[in-house]
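For reference, the structure discussed in these notes is given below.
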Amino acid sequence: MKRTILIVAMMLLCSVSLALAGGSPVGKWKTIDDETKKAKSIVEVYETGGKIYGRILQLLQEKDGGASKLCTKCAGSDLNKPMIGLVIVKGLQADGDEYTGGTIMDPNNGKVYKCNMEVVEGGDKMKVRGFLGVSLLGRTQVWHKVK
């Protein structure tokens, strides 16, 4: 009996460790432009109601961190909102090791794309893919965890 309890406890501990090894996307991430390879912003990824969202905390290439910048190319209710605090990742859900089914907005042009995220390298990096239609038609950025 003790052996069975010990085995079950070890299996539970292993499954929890494996779940954490892939890492949660929740936290602060430094975004890296896939074209220029320059750090662009700090995005806070958070969970609400079982879904993943992300908002801009800081624009790294702006002297004031982006405090005075507005989203002039955004559509709908995001038009002319301050960039700081702007929610650019919306509605992703866990799907195995990935987070899928949501969207990401590029505030530089106001376009909204479907989005997939996957935490890699022990939680230090995250692959963020924005695409139109199917995932093959898109771009991937690698975001770095802010410690």
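Each chain of the structure tokens is named A, B, ... in the order shown, its residues numbered from 1; ligands are numbered from 1 in display order.
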Handout entry: Contact residues around Gln141 of chain A with only C-alpha atoms at 7 Å, ignoring same-chain residues under 3 positions, as a VMD selection string
Key = chain A and resid 32 to 34 127 to 129
Handout entry: Neighbour list for Val43 of chain A as a ChimeraX atom specification, cut-off 6 Å, only C-alpha atoms, skip fewer than 4 positions in-chain
Key = /A:28-29,55-57
Resulting file, chosen residues, C-alpha atoms, as a compact mmCIF listing (two decimals), in the first residue's frame:
```txt
# COMPACT_ATOMS: atom_id res chain seq x y z
CA LYS A 28 6.91 39.68 -18.76
CA TRP A 29 8.54 39.21 -22.17
CA ARG A 55 -0.52 44.04 -22.97
CA ILE A 56 2.31 46.43 -23.78
CA LEU A 57 4.16 47.71 -20.72
```
Exercise for the section: Do a neighbour search on Thr103 of chain A at 8 Å with only C-alpha atoms, toss out local chain neighbours closer than 5 positions, and write the hits as a VMD selection string. Expected result: chain A and resid 88 to 92 112 to 115 130
Could you take the residues named above and write them with C-alpha atoms, as a PDB file, in the first residue's frame?
```
ATOM      1  CA  ILE A  88      -2.309  43.112 -28.292  1.00  0.00           C
ATOM      2  CA  VAL A  89      -2.680  39.378 -27.544  1.00  0.00           C
ATOM      3  CA  LYS A  90      -6.221  38.133 -27.024  1.00  0.00           C
ATOM      4  CA  GLY A  91      -7.973  34.889 -26.246  1.00  0.00           C
ATOM      5  CA  LEU A  92      -5.327  32.145 -26.567  1.00  0.00           C
ATOM      6  CA  VAL A 112      -4.843  41.566 -36.467  1.00  0.00           C
ATOM      7  CA  TYR A 113      -3.495  38.063 -37.052  1.00  0.00           C
ATOM      8  CA  LYS A 114      -4.293  34.618 -35.717  1.00  0.00           C
ATOM      9  CA  CYS A 115      -1.710  33.653 -33.120  1.00  0.00           C
ATOM     10  CA  GLY A 130       1.177  35.560 -36.195  1.00  0.00           C
TER      11      GLY A 130
END
```
Problem - atom CA of Lys63 of chain A to atom CA of Ser41 of chain A, distance in Å rounded to a single decimal - result: 12.3 Å
Handout entry: Length of the atom CA of Gly65 of chain A to atom CA of Lys37 of chain A vector [Å]
Key = 18.7 Å
Practice task
Run DSSP on the backbone of this structure and report the residues of chain A it assigns to alpha helix (DSSP H), as a PyMOL selection string.
Solution key: chain A and resi 2-22
Selection from above, N, CA and C atoms, as a JSON list (two decimals), in the first residue's frame, can you write it?
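Result file follows (result_27.json):
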```
[["chain", "number", "residue", "atom", "x", "y", "z"],
["A", 2, "LYS", "N", 1.89, 1.28, 0.89],
["A", 2, "LYS", "CA", 2.77, 2.44, 0.95],
["A", 2, "LYS", "C", 3.49, 2.62, -0.38],
["A", 3, "ARG", "N", 3.85, 1.52, -0.98],
["A", 3, "ARG", "CA", 4.56, 1.56, -2.27],
["A", 3, "ARG", "C", 3.67, 2.18, -3.35],
["A", 4, "THR", "N", 2.41, 1.81, -3.37],
["A", 4, "THR", "CA", 1.46, 2.34, -4.35],
["A", 4, "THR", "C", 1.28, 3.85, -4.15],
["A", 5, "ILE", "N", 1.14, 4.27, -2.92],
["A", 5, "ILE", "CA", 0.99, 5.70, -2.63],
["A", 5, "ILE", "C", 2.24, 6.46, -3.06],
["A", 6, "LEU", "N", 3.40, 5.89, -2.79],
["A", 6, "LEU", "CA", 4.66, 6.52, -3.17],
["A", 6, "LEU", "C", 4.77, 6.64, -4.69],
["A", 7, "ILE", "N", 4.41, 5.60, -5.41],
["A", 7, "ILE", "CA", 4.47, 5.62, -6.87],
["A", 7, "ILE", "C", 3.50, 6.67, -7.44],
["A", 8, "VAL", "N", 2.28, 6.70, -6.91],
["A", 8, "VAL", "CA", 1.29, 7.68, -7.37],
["A", 8, "VAL", "C", 1.78, 9.10, -7.08],
["A", 9, "ALA", "N", 2.34, 9.32, -5.90],
["A", 9, "ALA", "CA", 2.85, 10.65, -5.54],
["A", 9, "ALA", "C", 3.99, 11.05, -6.47],
["A", 10, "MET", "N", 4.88, 10.12, -6.79],
["A", 10, "MET", "CA", 6.00, 10.43, -7.68],
["A", 10, "MET", "C", 5.50, 10.73, -9.10],
["A", 11, "MET", "N", 4.50, 9.99, -9.55],
["A", 11, "MET", "CA", 3.94, 10.24, -10.88],
["A", 11, "MET", "C", 3.30, 11.62, -10.93],
["A", 12, "LEU", "N", 2.57, 11.98, -9.88],
["A", 12, "LEU", "CA", 1.96, 13.30, -9.81],
["A", 12, "LEU", "C", 3.02, 14.40, -9.83],
["A", 13, "LEU", "N", 4.06, 14.23, -9.05],
["A", 13, "LEU", "CA", 5.15, 15.21, -9.00],
["A", 13, "LEU", "C", 5.82, 15.34, -10.36],
["A", 14, "CYS", "N", 6.05, 14.23, -11.03],
["A", 14, "CYS", "CA", 6.66, 14.26, -12.36],
["A", 14, "CYS", "C", 5.78, 14.98, -13.37],
["A", 15, "SER", "N", 4.47, 14.71, -13.31],
["A", 15, "SER", "CA", 3.58, 15.35, -14.28],
["A", 15, "SER", "C", 3.51, 16.86, -14.04],
["A", 16, "VAL", "N", 3.53, 17.28, -12.78],
["A", 16, "VAL", "CA", 3.54, 18.71, -12.48],
["A", 16, "VAL", "C", 4.85, 19.33, -12.96],
["A", 17, "SER", "N", 5.98, 18.66, -12.73],
["A", 17, "SER", "CA", 7.27, 19.19, -13.18],
["A", 17, "SER", "C", 7.33, 19.30, -14.69],
["A", 18, "LEU", "N", 6.79, 18.30, -15.39],
["A", 18, "LEU", "CA", 6.79, 18.36, -16.85],
["A", 18, "LEU", "C", 5.91, 19.50, -17.35],
["A", 19, "ALA", "N", 4.80, 19.72, -16.70],
["A", 19, "ALA", "CA", 3.91, 20.82, -17.11],
["A", 19, "ALA", "C", 4.62, 22.15, -16.93],
["A", 20, "LEU", "N", 5.38, 22.28, -15.85],
["A", 20, "LEU", "CA", 6.09, 23.53, -15.60],
["A", 20, "LEU", "C", 7.34, 23.66, -16.47],
["A", 21, "ALA", "N", 7.93, 22.55, -16.89],
["A", 21, "ALA", "CA", 9.15, 22.58, -17.70],
["A", 21, "ALA", "C", 8.92, 23.30, -19.02],
["A", 22, "GLY", "N", 7.76, 23.02, -19.66],
["A", 22, "GLY", "CA", 7.44, 23.72, -20.89],
["A", 22, "GLY", "C", 7.25, 25.19, -20.60]]
```
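Closest approach to Pro82 of chain A among A:Gly66, A:Gly138, A:Gly54, A:Gly27 is made by A:Gly66 (distances from only C-alpha atoms).
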Problem - 9 Å contact set for Gln93 of chain A, only C-alpha atoms, chain neighbours under 6 positions out, as a ChimeraX atom specification - result: /A:50-52,99-102
For the residues selected in the previous step, produce a file with C-alpha atoms as a PDB file, in the first residue's frame.
```
ATOM      1  CA  GLY A  50      -8.627  30.430 -18.650  1.00  0.00           C
ATOM      2  CA  LYS A  51      -7.463  32.486 -21.647  1.00  0.00           C
ATOM      3  CA  ILE A  52      -4.158  34.199 -22.354  1.00  0.00           C
ATOM      4  CA  TYR A  99      -1.386  28.231 -26.860  1.00  0.00           C
ATOM      5  CA  THR A 100      -3.712  28.699 -29.823  1.00  0.00           C
ATOM      6  CA  GLY A 101      -7.063  30.038 -30.969  1.00  0.00           C
ATOM      7  CA  GLY A 102      -6.463  33.709 -30.274  1.00  0.00           C
TER       8      GLY A 102
END
```
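What separates atom CA of Leu70 of chain A from atom CA of Met105 of chain A is a distance of 14.3 Å.
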